[in-house]
$ cat model_33.cif   # mmCIF, C-alpha atoms and all ligand atoms
data_data
#
loop_
_atom_site.label_atom_id
_atom_site.label_comp_id
_atom_site.auth_asym_id
_atom_site.auth_seq_id
_atom_site.Cartn_x
_atom_site.Cartn_y
_atom_site.Cartn_z
CA MET H 23 126.23 80.79 97.08
CA HIS H 24 128.97 82.19 99.30
CA PRO H 25 127.29 84.87 101.51
CA LEU H 26 129.83 87.56 100.62
CA ARG H 27 129.38 86.89 96.91
CA ALA H 28 125.61 87.19 97.32
CA GLN H 29 126.08 90.53 99.07
CA GLU H 30 128.37 91.81 96.31
CA ARG H 31 125.88 90.80 93.65
CA GLU H 32 123.09 92.50 95.57
CA ALA H 33 125.17 95.69 95.87
CA GLU H 34 125.82 95.64 92.13
CA ARG H 35 122.13 95.33 91.41
CA TYR H 36 120.97 98.15 93.69
CA ARG H 37 123.42 100.84 92.58
CA GLY H 38 126.16 99.99 95.01
CA ALA H 39 123.78 99.46 97.95
CA THR H 40 121.99 96.56 99.55
CA LEU H 41 118.24 96.37 98.99
CA ALA H 42 117.66 97.66 102.54
CA GLU H 43 119.94 100.65 101.93
CA PHE H 44 118.38 101.31 98.52
CA TYR H 45 114.92 101.30 100.14
CA ARG H 46 115.96 103.57 103.02
CA SER H 47 117.84 106.13 100.90
CA THR H 48 115.00 106.39 98.37
CA ARG H 49 112.37 106.91 101.07
CA ALA H 50 114.61 109.47 102.77
CA ARG H 51 115.10 111.41 99.53
CA THR H 52 111.34 111.81 99.15
CA MET H 53 111.22 113.34 102.64
CA GLN H 54 114.11 115.67 101.76
CA LEU H 55 112.21 116.91 98.71
CA VAL H 56 109.34 117.94 100.97
CA GLU H 57 111.49 119.89 103.42
CA PRO H 58 111.23 123.27 101.62
CA LEU H 59 107.42 123.04 101.60
CA SER H 60 104.78 124.06 104.11
CA ALA H 61 101.84 121.84 105.02
CA GLU H 62 99.65 124.22 102.99
CA ASP H 63 101.89 123.80 99.92
CA CYS H 64 101.53 120.02 100.27
CA GLN H 65 97.73 120.26 100.10
CA VAL H 66 97.18 122.09 96.81
CA GLN H 67 96.03 120.47 93.56
CA SER H 68 96.42 123.17 90.91
CA MET H 69 94.90 121.18 88.01
CA PRO H 70 93.48 117.66 87.56
CA ASP H 71 96.82 116.31 86.23
CA VAL H 72 98.66 117.55 89.32
CA SER H 73 98.56 115.58 92.56
CA PRO H 74 99.11 117.25 95.94
CA THR H 75 102.52 116.56 97.51
CA LYS H 76 100.71 114.95 100.43
CA TRP H 77 99.02 112.51 98.08
CA HIS H 78 102.39 111.52 96.53
CA LEU H 79 103.77 110.89 100.03
CA ALA H 80 100.82 108.66 100.87
CA HIS H 81 100.43 106.90 97.53
CA THR H 82 104.07 105.74 97.36
CA THR H 83 103.60 104.33 100.87
CA TRP H 84 100.29 102.73 99.88
CA PHE H 85 102.16 100.98 97.05
CA PHE H 86 104.48 99.20 99.51
CA GLU H 87 101.66 98.53 101.95
CA THR H 88 99.24 97.10 99.37
CA PHE H 89 101.50 95.19 96.99
CA ILE H 90 103.97 93.86 99.54
CA LEU H 91 102.91 93.99 103.20
CA GLU H 92 99.30 93.01 102.55
CA ALA H 93 100.35 90.25 100.17
CA VAL H 94 103.10 88.82 102.36
CA LEU H 95 102.37 89.33 106.06
CA PRO H 96 99.97 86.72 107.50
CA ASP H 97 98.85 89.05 110.32
CA PHE H 98 98.58 92.17 108.13
CA THR H 99 96.34 94.98 109.32
CA PRO H 100 96.21 98.23 107.33
CA PHE H 101 97.41 101.48 108.90
CA HIS H 102 93.97 102.88 108.05
CA ARG H 103 91.33 100.86 106.17
CA ARG H 104 90.10 103.89 104.13
CA TYR H 105 93.57 104.53 102.69
CA ARG H 106 93.11 101.58 100.37
CA VAL H 107 90.72 103.72 98.30
CA LEU H 108 92.10 107.22 98.99
CA PHE H 109 95.61 106.48 97.76
CA ASN H 110 94.91 103.93 95.04
CA SER H 111 95.88 105.72 91.83
CA TYR H 112 94.51 103.58 89.02
CA TYR H 113 94.69 99.90 90.04
CA ASN H 114 91.28 98.42 89.24
CA ALA H 115 92.43 95.04 90.52
CA VAL H 116 92.84 96.61 94.00
CA GLY H 117 89.35 98.11 93.84
CA GLU H 118 87.71 101.51 94.13
CA GLN H 119 89.72 104.75 93.77
CA HIS H 120 89.22 108.29 95.03
CA ALA H 121 88.71 110.48 91.93
CA ARG H 122 91.99 111.92 90.68
CA PRO H 123 90.73 115.52 90.13
CA GLN H 124 89.55 115.52 93.76
CA ARG H 125 92.80 114.60 95.46
CA GLY H 126 93.20 118.23 96.57
CA LEU H 127 89.98 117.94 98.62
CA LEU H 128 91.67 115.54 101.04
CA SER H 129 92.40 118.08 103.75
CA ARG H 130 92.10 115.05 106.05
CA PRO H 131 94.13 113.01 106.81
CA PRO H 132 96.51 115.81 107.85
CA LEU H 133 100.12 115.84 106.69
CA ASP H 134 101.41 114.72 110.10
CA GLU H 135 99.33 111.58 109.87
CA ILE H 136 100.78 110.82 106.42
CA PHE H 137 104.27 111.19 107.92
CA ARG H 138 103.23 108.65 110.59
CA TYR H 139 101.85 106.38 107.85
CA ARG H 140 105.22 106.51 106.10
CA ALA H 141 107.12 105.72 109.31
CA HIS H 142 104.74 102.84 110.13
CA VAL H 143 105.12 101.22 106.70
CA ASP H 144 108.90 101.86 106.67
CA ALA H 145 109.34 100.00 109.97
CA LEU H 146 107.42 96.99 108.66
CA MET H 147 109.17 97.05 105.30
CA GLU H 148 112.63 97.24 106.82
CA GLU H 149 111.82 94.35 109.12
CA LEU H 150 110.52 92.33 106.16
CA ILE H 151 113.57 93.06 103.99
CA ALA H 152 115.90 92.09 106.84
CA SER H 153 114.08 88.87 107.72
CA ARG H 154 113.10 87.40 104.32
CA ASP H 155 115.54 86.34 101.66
CA ASP H 156 112.97 85.87 98.94
CA GLU H 157 113.48 86.69 95.23
CA GLU H 158 109.83 87.57 94.63
CA ILE H 159 109.67 89.95 97.60
CA ALA H 160 112.97 91.54 96.51
CA ARG H 161 111.54 92.03 93.01
CA LEU H 162 108.43 93.75 94.37
CA VAL H 163 110.47 95.96 96.71
CA GLU H 164 112.63 96.96 93.76
CA ILE H 165 109.54 97.91 91.72
CA GLY H 166 108.25 99.91 94.71
CA ILE H 167 111.53 101.81 94.95
CA HIS H 168 111.57 102.62 91.23
CA HIS H 169 107.91 103.64 91.54
CA GLU H 170 108.84 106.00 94.40
CA GLU H 171 111.61 107.50 92.23
CA GLN H 172 109.06 108.20 89.51
CA HIS H 173 106.91 109.95 92.08
CA GLN H 174 109.87 112.06 93.25
CA GLU H 175 109.93 113.52 89.75
CA LEU H 176 106.13 113.86 89.68
CA LEU H 177 106.20 115.57 93.07
CA LEU H 178 108.63 118.21 91.75
CA MET H 179 106.87 118.85 88.45
CA ASP H 180 103.56 119.05 90.31
CA ILE H 181 104.80 121.44 93.00
CA LYS H 182 106.35 123.62 90.27
CA HIS H 183 102.87 124.01 88.78
CA VAL H 184 101.30 124.59 92.21
CA LEU H 185 103.77 127.37 93.08
CA ALA H 186 103.58 128.90 89.60
CA MET H 187 99.80 129.29 90.02
CA ASN H 188 100.35 131.31 93.20
CA PRO H 189 100.32 135.06 92.39
CA LEU H 190 103.15 135.57 94.91
CA ARG H 191 105.30 133.31 92.70
CA PRO H 192 107.14 131.61 95.54
CA ALA H 193 110.28 129.66 94.65
CA TYR H 194 110.45 126.01 95.65
CA ARG H 195 114.01 126.76 96.75
CA ASP H 196 115.90 130.07 96.88
CA ASP H 197 119.33 128.46 97.05
CA LEU H 198 119.40 126.77 93.63
CA LEU H 199 122.46 127.39 91.52
CA GLN H 200 121.85 129.02 88.11
CA VAL H 201 124.06 127.25 85.58
CA ARG H 202 124.56 128.93 82.22
CA HIS H 203 126.89 127.88 79.40
CA GLU H 204 127.41 129.28 75.89
CA SER H 205 125.25 127.77 73.19
CA LEU H 206 127.16 125.51 70.82
CA PRO H 207 126.22 124.95 67.17
CA ILE H 208 124.27 121.79 66.42
CA GLU H 209 126.24 118.92 64.90
CA TRP H 210 124.38 116.24 62.96
CA GLN H 211 125.21 112.62 63.59
CA HIS H 212 124.75 110.54 60.47
CA SER H 213 123.31 107.02 60.54
CA ASP H 214 123.05 104.62 57.62
CA GLU H 215 119.99 102.47 57.13
CA ARG H 216 120.46 99.49 59.43
CA ILE H 217 118.85 96.98 61.73
CA VAL H 218 119.29 97.82 65.41
CA GLU H 219 118.49 95.98 68.64
CA ILE H 220 115.89 97.92 70.65
CA GLY H 221 114.72 97.34 74.22
CA HIS H 222 116.26 96.46 77.53
CA GLU H 223 119.15 94.04 77.65
CA GLY H 224 120.57 92.29 80.68
CA LYS H 225 119.34 91.40 84.15
CA ASP H 226 119.21 94.89 85.70
CA PHE H 227 115.86 96.36 86.61
CA CYS H 228 113.64 97.62 83.82
CA TYR H 229 109.91 98.13 83.34
CA ASP H 230 107.86 95.65 81.36
CA ASN H 231 107.30 98.20 78.56
CA GLU H 232 111.05 98.15 77.70
CA LYS H 233 110.82 94.52 76.64
CA PRO H 234 111.06 92.29 74.69
CA ARG H 235 114.32 93.36 73.09
CA HIS H 236 113.83 93.07 69.36
CA ARG H 237 115.24 94.03 66.00
CA SER H 238 114.11 97.20 64.26
CA LEU H 239 114.96 98.78 60.90
CA ILE H 240 115.97 102.43 61.08
CA PRO H 241 116.26 104.50 57.90
CA GLN H 242 119.24 106.54 56.79
CA HIS H 243 118.96 109.75 58.82
CA SER H 244 120.78 112.35 60.91
CA ILE H 245 120.08 113.21 64.52
CA ALA H 246 121.06 116.44 66.28
CA ASN H 247 123.80 116.15 68.90
CA ARG H 248 121.89 118.41 71.32
CA CYS H 249 118.38 119.55 72.20
CA VAL H 250 116.68 122.57 70.63
CA SER H 251 117.52 125.61 72.73
CA SER H 252 115.19 128.30 74.04
CA GLY H 253 116.97 130.82 71.79
CA GLU H 254 116.22 128.71 68.73
CA TYR H 255 112.65 128.22 69.90
CA LEU H 256 112.31 132.01 70.23
CA GLU H 257 113.05 132.33 66.52
CA PHE H 258 110.02 130.12 65.87
CA ILE H 259 107.90 132.34 68.13
CA ASN H 260 109.22 135.51 66.47
CA ASP H 261 108.42 134.04 63.05
CA ASP H 262 104.76 133.81 64.16
CA GLY H 263 105.09 130.06 64.57
CA TYR H 264 102.07 129.91 66.89
CA ALA H 265 99.90 131.82 64.40
CA ARG H 266 100.72 129.86 61.25
CA HIS H 267 98.54 126.78 60.77
CA GLU H 268 100.87 125.21 58.20
CA PHE H 269 103.22 123.97 60.94
CA TRP H 270 100.59 122.38 63.16
CA LEU H 271 98.84 119.05 63.31
CA SER H 272 95.09 119.56 63.13
CA GLU H 273 94.56 118.70 66.81
CA GLY H 274 97.52 120.86 67.74
CA TRP H 275 96.13 123.83 65.85
CA ASP H 276 92.79 123.43 67.69
CA TRP H 277 94.69 123.22 71.00
CA VAL H 278 96.74 126.37 70.30
CA GLN H 279 93.61 128.33 69.45
CA THR H 280 91.32 126.99 72.16
CA GLU H 281 93.90 127.40 74.91
CA SER H 282 95.43 130.64 73.50
CA ILE H 283 98.92 129.13 73.56
CA GLU H 284 101.71 131.43 72.43
CA ALA H 285 104.84 130.19 74.22
CA PRO H 286 106.14 127.27 76.30
CA MET H 287 104.40 126.75 79.63
CA TYR H 288 105.83 129.03 82.36
CA TRP H 289 107.11 131.64 79.84
CA LYS H 290 105.82 135.18 80.27
CA ARG H 291 106.63 138.19 78.13
CA GLN H 292 107.74 141.15 80.25
CA SER H 293 108.03 144.24 78.02
CA LYS H 294 110.76 143.17 75.57
CA ARG H 295 112.07 140.06 77.28
CA TRP H 296 110.80 136.63 78.21
CA VAL H 297 110.95 135.34 81.77
CA GLU H 298 110.17 131.83 82.94
CA THR H 299 109.08 130.31 86.21
CA THR H 300 111.61 127.79 87.51
CA LEU H 301 111.83 125.83 90.75
CA GLY H 302 114.26 128.57 91.79
CA GLY H 303 111.71 131.34 91.08
CA SER H 304 111.23 133.64 88.11
CA ARG H 305 114.27 134.11 85.82
CA PRO H 306 115.02 135.54 82.36
CA VAL H 307 114.81 132.78 79.74
CA ASP H 308 118.28 131.32 79.14
CA ALA H 309 118.61 131.28 75.32
CA SER H 310 121.32 128.58 75.42
CA ALA H 311 119.42 126.11 77.59
CA PRO H 312 117.17 123.41 76.10
CA VAL H 313 113.62 124.68 75.67
CA VAL H 314 111.46 123.00 78.30
CA HIS H 315 107.74 122.53 79.04
CA VAL H 316 106.61 122.14 75.45
CA SER H 317 103.88 119.75 74.28
CA TYR H 318 104.20 117.16 71.53
CA PHE H 319 102.23 119.56 69.33
CA GLU H 320 104.77 122.35 69.90
CA ALA H 321 107.79 120.10 69.39
CA ASP H 322 106.29 118.76 66.17
CA ALA H 323 105.34 122.26 64.92
CA TYR H 324 108.85 123.57 65.58
CA ALA H 325 110.35 120.62 63.70
CA ARG H 326 108.13 121.32 60.67
CA TRP H 327 109.02 125.02 60.81
CA ALA H 328 112.72 124.06 60.87
CA GLY H 329 112.26 121.69 57.91
CA ASP H 330 113.16 118.67 60.06
CA ARG H 331 111.27 116.15 62.17
CA LEU H 332 111.30 114.52 65.60
CA PRO H 333 113.36 111.32 65.92
CA THR H 334 111.59 108.00 66.30
CA GLU H 335 112.19 106.27 69.62
CA GLN H 336 114.25 103.64 67.78
CA GLU H 337 116.54 106.30 66.27
CA TRP H 338 116.83 107.96 69.66
CA GLU H 339 117.67 104.73 71.48
CA ALA H 340 120.23 103.69 68.87
CA ALA H 341 121.97 107.08 69.25
CA ALA H 342 121.81 106.96 73.06
CA SER H 343 123.14 103.42 73.26
CA ALA H 344 126.17 104.41 71.17
CA ALA H 345 126.82 107.72 73.00
CA THR H 346 129.56 108.00 75.58
CA THR H 347 128.27 108.99 79.00
CA ARG H 348 128.82 112.62 79.88
CA ALA H 349 128.08 114.66 82.98
CA VAL H 350 124.32 114.35 83.45
CA ASN H 351 122.15 117.18 84.76
CA ASP H 352 119.69 115.20 86.91
CA LEU H 353 118.05 115.44 90.33
CA GLN H 354 121.31 114.85 92.21
CA SER H 355 122.99 117.70 90.26
CA ASP H 356 120.64 119.88 92.34
CA VAL H 357 120.19 122.55 89.65
CA LEU H 358 116.57 121.51 88.94
CA HIS H 359 116.53 123.33 85.62
CA PRO H 360 117.99 122.37 82.22
CA HIS H 361 121.11 124.12 80.98
CA ALA H 362 123.38 124.06 77.91
CA PRO H 363 126.14 121.44 77.89
CA ARG H 364 129.52 122.64 79.15
CA ASP H 365 131.52 121.46 76.17
CA GLY H 366 130.75 120.56 72.57
CA GLY H 367 131.36 117.59 70.35
CA GLY H 368 129.63 114.21 70.32
CA MET H 369 126.11 113.45 71.45
CA GLN H 370 124.98 115.74 74.26
CA GLN H 371 122.15 115.67 76.81
CA MET H 372 120.92 112.19 75.87
CA MET H 373 120.32 111.69 79.60
CA GLY H 374 119.09 114.40 81.94
CA ASP H 375 118.11 118.05 81.31
CA VAL H 376 114.80 117.45 79.46
CA TRP H 377 112.65 114.49 78.50
CA GLU H 378 112.76 114.34 74.72
CA TRP H 379 109.63 113.92 72.65
CA THR H 380 109.87 111.33 69.91
CA GLN H 381 107.46 110.91 67.00
CA SER H 382 106.68 107.38 68.22
CA SER H 383 103.26 106.44 69.58
CA TYR H 384 103.46 104.63 72.90
CA ALA H 385 102.74 101.08 71.75
CA PRO H 386 103.70 97.58 72.85
CA TYR H 387 106.91 96.12 71.46
CA PRO H 388 106.51 92.99 69.31
CA GLY H 389 105.71 90.10 71.64
CA TYR H 390 104.87 92.30 74.66
CA ARG H 391 102.54 90.70 77.17
CA THR H 392 100.96 92.56 80.09
CA PRO H 393 102.28 91.00 83.33
CA ASP H 394 99.78 89.11 85.49
CA GLY H 395 98.16 90.61 88.57
CA ALA H 396 97.58 94.20 89.70
CA ILE H 397 101.20 95.18 88.90
CA GLY H 398 100.31 94.44 85.26
CA GLU H 399 98.28 97.68 85.32
CA TYR H 400 101.49 99.72 85.76
CA ASN H 401 102.28 100.37 82.08
CA GLY H 402 100.47 98.23 79.54
CA LYS H 403 96.98 99.70 79.84
CA PHE H 404 98.26 103.19 78.93
CA MET H 405 99.44 102.18 75.46
CA CYS H 406 96.89 104.36 73.67
CA ASN H 407 96.84 108.02 72.57
CA GLN H 408 100.23 108.90 74.06
CA TYR H 409 103.70 109.59 72.68
CA VAL H 410 107.06 108.34 73.92
CA LEU H 411 109.64 110.61 75.58
CA ARG H 412 113.17 109.48 76.27
CA GLY H 413 116.23 110.29 78.37
CA GLY H 414 115.09 111.68 81.74
CA SER H 415 115.27 115.27 82.95
CA CYS H 416 116.98 117.58 85.41
CA ILE H 417 114.56 116.35 88.11
CA THR H 418 114.90 112.61 87.42
CA PRO H 419 116.67 110.70 90.22
CA ARG H 420 120.16 109.54 89.26
CA GLY H 421 120.26 106.01 87.86
CA HIS H 422 116.49 105.89 87.35
CA VAL H 423 116.58 106.10 83.55
CA ARG H 424 118.52 104.21 80.90
CA SER H 425 118.69 104.29 77.11
CA SER H 426 115.77 101.84 76.82
CA TYR H 427 113.52 103.74 79.31
CA ARG H 428 110.14 104.78 77.85
CA ASN H 429 108.19 107.65 79.35
CA PHE H 430 104.85 108.64 77.82
CA PHE H 431 102.40 111.52 77.88
CA PRO H 432 99.40 112.73 75.86
CA THR H 433 100.09 115.18 73.03
CA HIS H 434 98.97 118.34 74.87
CA SER H 435 100.80 117.69 78.19
CA ARG H 436 103.68 119.99 79.04
CA TRP H 437 103.89 120.39 82.79
CA MET H 438 106.61 117.71 82.85
CA PHE H 439 110.17 118.80 81.94
CA SER H 440 109.72 118.07 78.22
CA GLY H 441 111.87 119.28 75.34
CA PHE H 442 113.13 117.71 72.13
CA ARG H 443 115.93 117.30 69.62
CA LEU H 444 115.62 117.19 65.85
CA ALA H 445 116.25 114.50 63.28
CA ARG H 446 116.29 114.73 59.50
CA ASP H 447 115.75 112.34 56.64
CA LEU H 448 118.58 111.71 54.21
CA VAL H 449 117.04 110.52 50.99
FE FE E 501 102.05 105.70 91.24
#
$ encode --input "model_33.cif" --output "structure tokens"
Amino acid sequence: MHPLRAQEREAERYRGATLAEFYRSTRARTMQLVEPLSAEDCQVQSMPDVSPTKWHLAHTTWFFETFILEAVLPDFTPFHRRYRVLFNSYYNAVGEQHARPQRGLLSRPPLDEIFRYRAHVDALMEELIASRDDEEIARLVEIGIHHEEQHQELLLMDIKHVLAMNPLRPAYRDDLLQVRHESLPIEWQHSDERIVEIGHEGKDFCYDNEKPRHRSLIPQHSIANRCVSSGEYLEFINDDGYARHEFWLSEGWDWVQTESIEAPMYWKRQSKRWVETTLGGSRPVDASAPVVHVSYFEADAYARWAGDRLPTEQEWEAAASAATTRAVNDLQSDVLHPHAPRDGGGMQQMMGDVWEWTQSSYAPYPGYRTPDGAIGEYNGKFMCNQYVLRGGSCITPRGHVRSSYRNFFPTHSRWMFSGFRLARDLV
């Protein structure tokens, strides 16, 4: 192929950049996200689900070191031989792992050493990318970059929890813009019963769980053109929604009672008003903005209370694929909190703002096969006891998600930026 043509094709594939630029800018963004934090902030693990910022910085580096440098370089020597275990998240094929709930105990290695680890691996990776024109290496680098983008979101949702647990309630950043728009009435988009194509199409990057593309029957239904707002969710709270068992799944009802849940995570009642912790500090709840930090149980209970239901992931994807792209509130918008759409009409917020719970269990698509090797542990082995969320959030890196992208969490999780929209049957 003509060298210029090859370069153009590469730029198309990596969001207008070469693979080397895509690698460098992604790694640099992770470092930018850490700038507002102290070394002490980077150490804390506030609950077993949360990983310390320092661990995210090291683990994303470990991913490149283990799956690429170690596999490809004939004279490979690890930066530190113990890191293989310390920063292995869940890859049994790689070997032993440091226990997840104990990541916060790793006061050593210090943060400075992790920064050196990153610089060391970056130098080797950049040299490798520049010197090897190899499809398989490029594919692994691309996975590593998308993996790092996922951890950028994890880093932010984790540090939000860490800072929210601190009685001083420090903000992650004091300079974040507060965006508020008027709430617009929900419009319902009708869909006839039909067969739709679901799953990733084309040659662009996607995860294995988005394939194979296949046909799926969706029933006649309507789907809301925007997410449920905090103001609407407040009506559910004020109608004793958390105290009425008839809206809750059995496990959800146990969870509400055992954990004394009475509002979305990060909401606190202060005399007559509700305030919420955001990455920009404590703020009054914005009634127009999508409700965020709710579990599957809460989303499902609200839907029952409203007389509706959550969409299936097939209904959601069909609606998202047909929607025209609008301004997306994502990581690069630099608001780091969901807000109401600026103008009405048409499908809103399909991408960005909040991850949207669907009523679909996270399961393999027809014909799915777990990829070979350690990388095969990335997605497939988690297809059990989790539900699918779609569409990305206000802290998802731009370009990371697409209409076929499948995120997944257990039913009680809510520290991620999770919200939902409604669907209704038409029978
Ligand atoms: Fe990871």
$ atom_distance --input "model_33.cif" --atom1 "atom CA of Glu175 of chain H" --atom2 "atom CA of Ile417 of chain H"
5.7 Å
$ residues_near_ligand --input "model_33.cif" --ligand "ligand FE 501 (chain E)" --cutoff "8 Å" --atoms "only C-alpha atoms and all ligand atoms" --output "list in words"
His78, His81, Thr82, Phe85, Ser111, His169, Glu170, Gln172 and His173 of chain H
$ residues_around --input "model_33.cif" --residues "Ala342 of chain H" --least-positions-apart "2" --cutoff "8 Å" --atoms "all atoms listed in the file" --output "list in words"
Trp338, Glu339, Ala340, Ala344, Ala345, Met369, Met372 and Ser425 of chain H
$ closest_residue --input "model_33.cif" --among "H:Glu204, H:Glu268, H:Asp71, H:Glu254" --to "Ala362 of chain H" --atoms "all atoms listed in the file"
H:Glu204
$ closest_residue --input "model_33.cif" --among "H:Ala141, H:Ala349, H:Ala396, H:Ala445" --to "Ala93 of chain H" --atoms "all atoms listed in the file"
H:Ala396
$ residues_near_point --input "model_33.cif" --point "(109.9, 110.1, 72.7)" --cutoff "12 Å" --atoms "all atoms listed in the file" --output "PyMOL selection string"
chain H and resi 317-318+321-322+332-339+372+376-385+408-414+425-433+440-444
$ residues_around --input "model_33.cif" --residues "Lys182 of chain H" --least-positions-apart "4" --cutoff "12 Å" --atoms "only C-alpha atoms" --output "PyMOL selection string"
chain H and resi 59+63-64+66-69+72-75+175-178+186-188+191-195+287-288+298-304+315+358-359+417+437-439
$ write_last_selection --input "model_33.cif" --atoms "C-alpha atoms" --output "tab-separated table (two decimals), in the coordinates of the input"
chain	number	residue	atom	x	y	z
H	59	LEU	CA	107.42	123.04	101.60
H	63	ASP	CA	101.89	123.80	99.92
H	64	CYS	CA	101.53	120.02	100.27
H	66	VAL	CA	97.18	122.09	96.81
H	67	GLN	CA	96.03	120.47	93.56
H	68	SER	CA	96.42	123.17	90.91
H	69	MET	CA	94.90	121.18	88.01
H	72	VAL	CA	98.66	117.55	89.32
H	73	SER	CA	98.56	115.58	92.56
H	74	PRO	CA	99.11	117.25	95.94
H	75	THR	CA	102.52	116.56	97.51
H	175	GLU	CA	109.93	113.52	89.75
H	176	LEU	CA	106.13	113.86	89.68
H	177	LEU	CA	106.20	115.57	93.07
H	178	LEU	CA	108.63	118.21	91.75
H	186	ALA	CA	103.58	128.90	89.60
H	187	MET	CA	99.80	129.29	90.02
H	188	ASN	CA	100.35	131.31	93.20
H	191	ARG	CA	105.30	133.31	92.70
H	192	PRO	CA	107.14	131.61	95.54
H	193	ALA	CA	110.28	129.66	94.65
H	194	TYR	CA	110.45	126.01	95.65
H	195	ARG	CA	114.01	126.76	96.75
H	287	MET	CA	104.40	126.75	79.63
H	288	TYR	CA	105.83	129.03	82.36
H	298	GLU	CA	110.17	131.83	82.94
H	299	THR	CA	109.08	130.31	86.21
H	300	THR	CA	111.61	127.79	87.51
H	301	LEU	CA	111.83	125.83	90.75
H	302	GLY	CA	114.26	128.57	91.79
H	303	GLY	CA	111.71	131.34	91.08
H	304	SER	CA	111.23	133.64	88.11
H	315	HIS	CA	107.74	122.53	79.04
H	358	LEU	CA	116.57	121.51	88.94
H	359	HIS	CA	116.53	123.33	85.62
H	417	ILE	CA	114.56	116.35	88.11
H	437	TRP	CA	103.89	120.39	82.79
H	438	MET	CA	106.61	117.71	82.85
H	439	PHE	CA	110.17	118.80	81.94
$ residues_around --input "model_33.cif" --residues "Glu135 of chain H" --least-positions-apart "3" --cutoff "12 Å" --atoms "all atoms listed in the file" --output "mmCIF file with C-alpha atoms, in the coordinates of the input"
data_model
loop_
_atom_site.group_PDB
_atom_site.id
_atom_site.type_symbol
_atom_site.label_atom_id
_atom_site.label_comp_id
_atom_site.auth_asym_id
_atom_site.auth_seq_id
_atom_site.Cartn_x
_atom_site.Cartn_y
_atom_site.Cartn_z
ATOM 1 C CA ALA H 61 101.840 121.840 105.020
ATOM 2 C CA LYS H 76 100.710 114.950 100.430
ATOM 3 C CA TRP H 77 99.020 112.510 98.080
ATOM 4 C CA LEU H 79 103.770 110.890 100.030
ATOM 5 C CA ALA H 80 100.820 108.660 100.870
ATOM 6 C CA PHE H 101 97.410 101.480 108.900
ATOM 7 C CA HIS H 102 93.970 102.880 108.050
ATOM 8 C CA TYR H 105 93.570 104.530 102.690
ATOM 9 C CA SER H 129 92.400 118.080 103.750
ATOM 10 C CA ARG H 130 92.100 115.050 106.050
ATOM 11 C CA PRO H 131 94.130 113.010 106.810
ATOM 12 C CA PRO H 132 96.510 115.810 107.850
ATOM 13 C CA ARG H 138 103.230 108.650 110.590
ATOM 14 C CA TYR H 139 101.850 106.380 107.850
ATOM 15 C CA ARG H 140 105.220 106.510 106.100
ATOM 16 C CA ALA H 141 107.120 105.720 109.310
ATOM 17 C CA HIS H 142 104.740 102.840 110.130
#
$ closest_residue --input "model_33.cif" --among "H:Met405, H:Val184, H:Leu353, H:Ile397" --to "Ala115 of chain H" --atoms "only C-alpha atoms"
H:Ile397
$ atom_distance --input "model_33.cif" --atom1 "atom CA of Tyr324 of chain H" --atom2 "atom CA of Asp262 of chain H"
11.1 Å
